[in-house]
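Asker: I have a structure here, written as structure tokens, and I will follow up with some questions on it.
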Amino acid sequence: MENTGNGNRQTRQVLLLFVLLQMSQADSESGSFSVLEEMQSGAFVVNLAKDLGLEVGELSSRRAQVVSNDNRQSLQLDINTGNLLLSETLDREEICGSTEPCVLHFQVLMTNPLQFLRIELEVKDTNDHSPIFLEKEMLLEIPENSPIGAVFLLESAKDLDVGINAVKTYIISPNSHFHIKMRVNPDHRKYPELVLDKELDYEQQPELSFILTAVDGGSPPRSGTALVRVAVVDINDNTPEFEHSFYDVKILENSTLGSVVVTVSAWDLDSGINGDISYTFSQTSEDIRKTFKINERSGEIALASSLDFETVESYSIIIQATDGGGLFGKSTVRIQVMDMNDNAPEITLSSITSPIPENSPETVVMVFSIRDRDSEDNGRMICSIPEDLPFILKSSVENYYTLVTEKALDRESRAWYNITITVTDMGTPKLQTEQSIILMVSDVNDNAPTFTQASYTLFVRENNSPALHIGTISATDRDAGTNALITYSLLPPRDPQLALASLVSINADNGQLFALRALDYEALRAFEFRVGATDRGSPALSSEAPVRVLVLDANDNAPFVLYPLQNASAPCSELVPRAAEAGYLVSKVVAVDGDAGQNAWLSYQLLKATEPGLFSVWAHNGEVRTARLLGERDAPRHRLLVQVRDNGEPPLSASVTLHVLLVDGFSQPYLPLPEVAPERAQADSLTVYLVIALASVSSLFLFSVLVLVGVRLCRRGRAASLGHYPVPEGHFPGHLVDVSGTGTVSQSYQYEVCLTGDPGTNEFKFLKPFISNLSPQCP
């Protein structure tokens, strides 16, 4: 732009033409504005918020942005003030050339709700270019016999400006032979013609010259000059005549270079050099000269450079046929460019939202526009996406589309999508463009942790070391990131008497369980608790699983002898009549073992005897019997050392000493084996004393057994409340007795001592077992 006059003034003009508002969501609103070219970057165009009736803050909250069809960023929106500003200096001639009006198309895109505002920005021309003659010197050869009023074509000046700023008039320097006359060619451009005012005389003045000035209509006006030389030619009285005054031809835009567009033809009635015709372009622009070329002799117009329908749809060319005498004729050729489907559709992305949260309802993923520079069917387009994707395309306005989710997405089923947008035109052959985007799905905490097992059973051997790792609880979470991080914890036990916090602990990060103290199988054989797994999402989700810990027995308890008592003040002697036969039951060693299973299987062995071979101990029940008949020579007192050993690894044992006294004189003094029938004996006075002694010993023995059984029942009652006890399985050896934790006498095993009421025989029954829930009866 140039500044003239009294001072340098910069002209800035903005015209607001119209703004259409009150459209529904995702509908298009329109606004047209104008701005002078050459305005500096940052120049104010319009306050968009004010014209739309919006609050300034609403532009920011709705993420308003300016986009254009051809990715030209000529405007910028200040979302803080609502002002629409220029982002670059606009040159109308560079943008539109000779096209008038020069209109740029933009869109203002706003979301929440989705809304489009179409903006048409007209770039107004300023008089920033002077007219220019392509040829600074023009030579006209005019016959001397040219009549007054004869018209001669002059080259027109070119002015890049348009409208009132284009070439307005032509003037020549004062002379007596010619004046200028203005003409308008078919493309509405003005060109000058030289009109003869006075006859020429070759003999008097063979050459004339003057200055041709082209003046535009700008304010202030600009001008350009060229020198015109007129050479007076002697007598050539016939001008060339064209076969057609107007030629109308069509050519495909993809025609090859050098192909003939049209051939013009003219003739001249003169002969000799005055009848030789040459063809040239007249009044043509530089663009036409670059695009077409003419054969001066044949009149063939050929293609010199590629055509583009999207740039120029038609050309208007004036052809001048000049003979050798300088006379000429003219004809106009209009060349129409036929569109070919040579432009693939274009896709312009306006906004993309990625990632998309899963479980969200219908969500706008992307906003984009499509364009095809071709025309008619070649410019019609179809937009599509693959059918197997949970997305749909919605058409909004003027080839704008929104890509939205068809349903809520599930990240656990599919974490990302490769979406290919395909745009195909309707031309022949069809052209298509593809645009691929990767859409990520962000995780939402919608999956609770899942344990790898419905329940867990752990085994730990008693007497373990504190902080022993006894097992690992594991859970998985289908979510991702922090939503999949799991924290493990012990849940409060359902049994308030179970001190879980003193028994086990859990590693919150990996679910490892540790025994906090040594466990005692005899005190606590099993216990149950629940473990929780909680993720770190918001809100957090959790699940729980039951855990059962079984304490395995270790052989840590030696057998305990219940009978005979070892802590009595005086040892108790077993009375055996000398008349006893082999196999006579002398006594029975009763022992228990606090362990379980094979650790509680007891066996008995006679370690030492006063007289070896006289007595034997049954290995499986601890019964002490005579091994042979007693003789007179046998000593009256005997001392037997019996060992009780369990079946653990390593085995533990205990020993007990039995005192046996051989006596004479009472009837039927022994219990026979099952296959030997008892013989009645005569009662004597020794029987009464023996019964009294045995009754005393038995009473003391039963009292001790009852106390011990009561104590163990209390301990087992407490252990039973914490879990069930496992029962050992497997083959039970014949030489061992399984006492299930109580040795050879169980909780319900007692002994009965009775005296028969039959006066005919004083029978003594010793150690007869009976069940505790049945009342004892004497035979």
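Each chain in the structure tokens gets a letter, A, B, ..., in the order shown, and its residues are numbered from 1; ligands are numbered from 1 in order too.
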Enumerate as a PyMOL selection string all residues of segment 234-385 of chain A assigned to alpha helix (DSSP H) by DSSP on the backbone, naming them with the chain letters and numbers the document uses.
Answerer: chain A and resi 286-291
Asker: Grab the residues selected above and save them as a short mmCIF file (atom, residue, chain, number, x, y, z; two decimals), in the first residue's frame with N, CA, C and O atoms.
Answerer:
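Dumped everything to part_15.cif:
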data_model
loop_
_atom_site.label_atom_id
_atom_site.label_comp_id
_atom_site.auth_asym_id
_atom_site.auth_seq_id
_atom_site.Cartn_x
_atom_site.Cartn_y
_atom_site.Cartn_z
N GLU A 286 0.02 -12.30 -19.48
CA GLU A 286 1.22 -13.11 -19.42
C GLU A 286 0.88 -14.57 -19.15
O GLU A 286 1.55 -15.48 -19.65
N ASP A 287 -0.19 -14.80 -18.40
CA ASP A 287 -0.60 -16.17 -18.11
C ASP A 287 -1.01 -16.89 -19.38
O ASP A 287 -0.70 -18.07 -19.58
N ILE A 288 -1.72 -16.19 -20.29
CA ILE A 288 -2.13 -16.81 -21.55
C ILE A 288 -0.91 -17.11 -22.41
O ILE A 288 -0.81 -18.17 -23.05
N ARG A 289 0.02 -16.19 -22.43
CA ARG A 289 1.22 -16.40 -23.24
C ARG A 289 2.02 -17.61 -22.74
O ARG A 289 2.68 -18.29 -23.53
N LYS A 290 1.98 -17.86 -21.43
CA LYS A 290 2.68 -19.02 -20.88
C LYS A 290 1.93 -20.32 -21.13
O LYS A 290 2.54 -21.39 -21.21
N THR A 291 0.61 -20.21 -21.25
CA THR A 291 -0.21 -21.42 -21.36
C THR A 291 -0.35 -21.89 -22.80
O THR A 291 -0.35 -23.10 -23.08
#
Asker: So how many Å separate atom CA of Ser369 of chain A and atom CA of Glu310 of chain A, to one decimal?
Answerer: 19.1 Å
Asker: Using only C-alpha atoms, which residue out of A:Arg222, A:Arg461, A:Thr422, A:Pro143 lies closest to Val167 of chain A?
Answerer: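 Of the candidates, the smallest distance to Val167 of chain A is held by A:Arg222.
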Asker: Sort by chain and increasing residue number a table of all residues of segment 331-351 of chain A within 7 Å of segment 428-449 of chain A, each with its closest pair of atoms and their distance in Å to one decimal, counting only C-alpha atoms, and write it as a Markdown table.
Answerer:
| residue | atom | partner | partner_atom | distance |
| --- | --- | --- | --- | --- |
| A:Asn341 | CA | A:Thr428 | CA | 6.5 |
| A:Ala344 | CA | A:Leu431 | CA | 5.3 |
| A:Pro345 | CA | A:Thr433 | CA | 5.8 |
| A:Glu346 | CA | A:Thr433 | CA | 6.8 |
Asker: Output the selection as an mmCIF file, in the first residue's frame - all heavy atoms for each residue.
Answerer:
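again.cif written:
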data_model
loop_
_atom_site.group_PDB
_atom_site.id
_atom_site.type_symbol
_atom_site.label_atom_id
_atom_site.label_comp_id
_atom_site.auth_asym_id
_atom_site.auth_seq_id
_atom_site.Cartn_x
_atom_site.Cartn_y
_atom_site.Cartn_z
ATOM 1 N N ASN A 341 -11.358 -35.780 -13.357
ATOM 2 C CA ASN A 341 -11.267 -36.181 -11.947
ATOM 3 C C ASN A 341 -9.797 -36.399 -11.587
ATOM 4 O O ASN A 341 -9.312 -37.524 -11.455
ATOM 5 C CB ASN A 341 -12.077 -37.453 -11.696
ATOM 6 C CG ASN A 341 -12.253 -37.741 -10.217
ATOM 7 O OD1 ASN A 341 -12.213 -36.826 -9.397
ATOM 8 N ND2 ASN A 341 -12.448 -38.996 -9.866
ATOM 9 N N ALA A 344 -7.862 -35.808 -5.783
ATOM 10 C CA ALA A 344 -8.405 -36.706 -4.756
ATOM 11 C C ALA A 344 -9.038 -35.878 -3.643
ATOM 12 O O ALA A 344 -8.662 -34.723 -3.411
ATOM 13 C CB ALA A 344 -7.300 -37.596 -4.184
ATOM 14 N N PRO A 345 -10.036 -36.437 -2.956
ATOM 15 C CA PRO A 345 -10.639 -35.710 -1.832
ATOM 16 C C PRO A 345 -9.589 -35.376 -0.768
ATOM 17 O O PRO A 345 -8.591 -36.081 -0.597
ATOM 18 C CB PRO A 345 -11.688 -36.691 -1.296
ATOM 19 C CG PRO A 345 -11.981 -37.608 -2.449
ATOM 20 C CD PRO A 345 -10.691 -37.727 -3.200
ATOM 21 N N GLU A 346 -9.844 -34.291 -0.058
ATOM 22 C CA GLU A 346 -8.959 -33.838 1.011
ATOM 23 C C GLU A 346 -9.697 -33.908 2.341
ATOM 24 O O GLU A 346 -10.887 -33.609 2.418
ATOM 25 C CB GLU A 346 -8.489 -32.403 0.758
ATOM 26 C CG GLU A 346 -7.734 -32.236 -0.555
ATOM 27 C CD GLU A 346 -7.417 -30.783 -0.838
ATOM 28 O OE1 GLU A 346 -7.762 -29.935 0.017
ATOM 29 O OE2 GLU A 346 -6.840 -30.483 -1.908
#
Asker: Could you pull the residues within 10 Å of Ile352 of chain A, counting only C-alpha atoms, minus those fewer than 3 positions along the same chain, as a list in words?
Answerer: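 Once the nearby chain positions are removed, what remains is Leu349, Pro355, Val364, Val365, Met366, Val367, Phe368, Thr402, Leu403, Ile437 and Leu439 of chain A.
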Asker: Expressed in Å to a single decimal, how great is the separation between atom CA of Leu700 of chain A and atom CA of Leu662 of chain A?
Answerer: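 Distance between the two atoms: 22.5 Å.
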Asker: Fewer than 5 positions away in the same chain doesn't count, so skip those; otherwise give me all residues within 12 Å of Cys96 of chain A, counting only C-alpha atoms, as a list in words.
Answerer: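 In the requested form, the answer reads Glu37, Leu90, Asp91, Pro101, Cys102, Val103, Leu104, Glu122, Val123, Lys124, Asp125, Leu160, Asp161, Val162, Thr311 and Val312 of chain A.
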Asker: So, counting only C-alpha atoms, which residue among A:Ala467, A:Gly648, A:Ser32, A:Gly537 is closest to Asn507 of chain A?
Answerer: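 Of A:Ala467, A:Gly648, A:Ser32, A:Gly537, the one nearest Asn507 of chain A, counting only C-alpha atoms, is A:Ala467.
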Asker: Go ahead and compute the interatomic distance for atom CA of Leu36 of chain A and atom CA of Ser98 of chain A, in Å to one decimal.
Answerer: 15.9 Å
Asker: Could you give me, as a CSV table (one decimal) with N, CA, C and O atoms, in the first residue's frame, the residues within 10 Å of Glu649 of chain A, counting only C-alpha atoms and dropping anything in the same chain fewer than 3 positions from it?
Answerer:
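Here's the written file out.csv:
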chain,number,residue,atom,x,y,z
A,554,ALA,N,4.0,-82.0,65.0
A,554,ALA,CA,5.4,-82.5,65.1
A,554,ALA,C,5.6,-83.3,66.3
A,554,ALA,O,4.8,-83.1,67.3
A,555,ASN,N,6.5,-84.2,66.3
A,555,ASN,CA,6.6,-85.1,67.4
A,555,ASN,C,7.4,-84.4,68.5
A,555,ASN,O,8.6,-84.6,68.7
A,556,ASP,N,6.7,-83.6,69.3
A,556,ASP,CA,7.3,-82.8,70.3
A,556,ASP,C,6.8,-83.1,71.7
A,556,ASP,O,7.1,-82.4,72.7
A,598,GLN,N,0.6,-90.6,63.5
A,598,GLN,CA,1.6,-91.7,63.8
A,598,GLN,C,2.5,-91.2,65.0
A,598,GLN,O,3.2,-92.1,65.6
A,599,ASN,N,2.5,-89.9,65.3
A,599,ASN,CA,3.3,-89.5,66.4
A,599,ASN,C,2.7,-89.9,67.7
A,599,ASN,O,3.3,-89.9,68.8
A,646,ASP,N,6.7,-93.7,71.2
A,646,ASP,CA,5.8,-93.3,70.1
A,646,ASP,C,6.4,-93.7,68.8
A,646,ASP,O,7.6,-94.1,68.7
A,652,LEU,N,10.1,-90.6,70.5
A,652,LEU,CA,10.2,-90.2,71.9
A,652,LEU,C,9.7,-91.3,72.8
A,652,LEU,O,8.8,-92.1,72.4
Asker: Near Thr363 of chain A, counting only C-alpha atoms, which residues have an atom at most 10 Å away, once you skip same-chain residues fewer than 5 positions from it, shown as a list in words?
Answerer: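 The residues satisfying every condition are Thr353, Ile356, Pro357, Phe391, Thr402, Leu403, Val404, Thr405, Glu406, Lys407 and Ala408 of chain A.
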Asker: Based on the selection just made, write N, CA, C and O atoms of those residues as an mmCIF file, in the first residue's frame.
Answerer:
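The new file again-v2.cif reads:
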data_model
loop_
_atom_site.group_PDB
_atom_site.id
_atom_site.type_symbol
_atom_site.label_atom_id
_atom_site.label_comp_id
_atom_site.auth_asym_id
_atom_site.auth_seq_id
_atom_site.Cartn_x
_atom_site.Cartn_y
_atom_site.Cartn_z
ATOM 1 N N THR A 353 -10.256 -35.932 20.073
ATOM 2 C CA THR A 353 -10.284 -36.201 21.510
ATOM 3 C C THR A 353 -9.756 -37.611 21.748
ATOM 4 O O THR A 353 -10.379 -38.588 21.357
ATOM 5 N N ILE A 356 -10.338 -41.648 25.031
ATOM 6 C CA ILE A 356 -11.750 -41.591 25.391
ATOM 7 C C ILE A 356 -11.961 -42.465 26.628
ATOM 8 O O ILE A 356 -11.573 -43.627 26.632
ATOM 9 N N PRO A 357 -12.548 -41.923 27.713
ATOM 10 C CA PRO A 357 -12.789 -42.771 28.897
ATOM 11 C C PRO A 357 -13.776 -43.892 28.567
ATOM 12 O O PRO A 357 -14.763 -43.679 27.854
ATOM 13 N N PHE A 391 -18.278 -46.978 16.151
ATOM 14 C CA PHE A 391 -18.328 -45.538 15.919
ATOM 15 C C PHE A 391 -19.269 -45.257 14.754
ATOM 16 O O PHE A 391 -19.494 -46.117 13.893
ATOM 17 N N THR A 402 -18.726 -35.261 12.162
ATOM 18 C CA THR A 402 -18.291 -35.580 13.527
ATOM 19 C C THR A 402 -18.279 -37.091 13.673
ATOM 20 O O THR A 402 -19.206 -37.780 13.228
ATOM 21 N N LEU A 403 -17.220 -37.604 14.270
ATOM 22 C CA LEU A 403 -17.091 -39.030 14.569
ATOM 23 C C LEU A 403 -17.412 -39.229 16.041
ATOM 24 O O LEU A 403 -16.742 -38.651 16.910
ATOM 25 N N VAL A 404 -18.469 -39.991 16.333
ATOM 26 C CA VAL A 404 -18.922 -40.184 17.713
ATOM 27 C C VAL A 404 -18.964 -41.673 18.018
ATOM 28 O O VAL A 404 -19.056 -42.519 17.119
ATOM 29 N N THR A 405 -18.888 -41.990 19.315
ATOM 30 C CA THR A 405 -18.981 -43.387 19.744
ATOM 31 C C THR A 405 -20.428 -43.852 19.644
ATOM 32 O O THR A 405 -21.360 -43.119 19.982
ATOM 33 N N GLU A 406 -20.608 -45.075 19.179
ATOM 34 C CA GLU A 406 -21.950 -45.629 19.041
ATOM 35 C C GLU A 406 -22.468 -46.169 20.359
ATOM 36 O O GLU A 406 -23.672 -46.170 20.608
ATOM 37 N N LYS A 407 -21.556 -46.616 21.210
ATOM 38 C CA LYS A 407 -21.930 -47.168 22.504
ATOM 39 C C LYS A 407 -20.755 -46.956 23.453
ATOM 40 O O LYS A 407 -19.687 -46.490 23.048
ATOM 41 N N ALA A 408 -20.986 -47.286 24.708
ATOM 42 C CA ALA A 408 -19.905 -47.164 25.694
ATOM 43 C C ALA A 408 -18.795 -48.166 25.361
ATOM 44 O O ALA A 408 -19.060 -49.312 25.013
#
Asker: Select, from A:Leu498, A:Val264, A:Leu194, A:Val644, the residue with the minimum atom-to-atom distance to Gly149 of chain A, counting only C-alpha atoms.
Answerer: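 Using only C-alpha atoms, the shortest distance to Gly149 of chain A belongs to A:Leu194.
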Asker: Between A:Asn80, A:Thr657, A:Ser61, A:Ser455, which residue has the minimum interatomic distance to Pro546 of chain A, considering only C-alpha atoms?
Answerer: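 Result for the nearest residue to Pro546 of chain A: A:Ser455.
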Asker: Between A:Val663, A:Val531, A:Arg525, A:Ser156, which residue has the minimum interatomic distance to Leu575 of chain A, considering only C-alpha atoms?
Answerer: A:Val663
Asker: Hey, which of A:Leu307, A:Leu121, A:Ile211, A:Ala231 ends up closest to Leu257 of chain A? Count only C-alpha atoms.
Answerer: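 Going through A:Leu307, A:Leu121, A:Ile211, A:Ala231 one by one, the smallest distance to Leu257 of chain A is for A:Leu307.
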Asker: Residues within 7 Å of Tyr604 of chain A, please, as a PyMOL selection string. Count only C-alpha atoms; anything in the same chain fewer than 6 positions from it doesn't count.
Answerer: chain A and resi 617-620+622+642-645
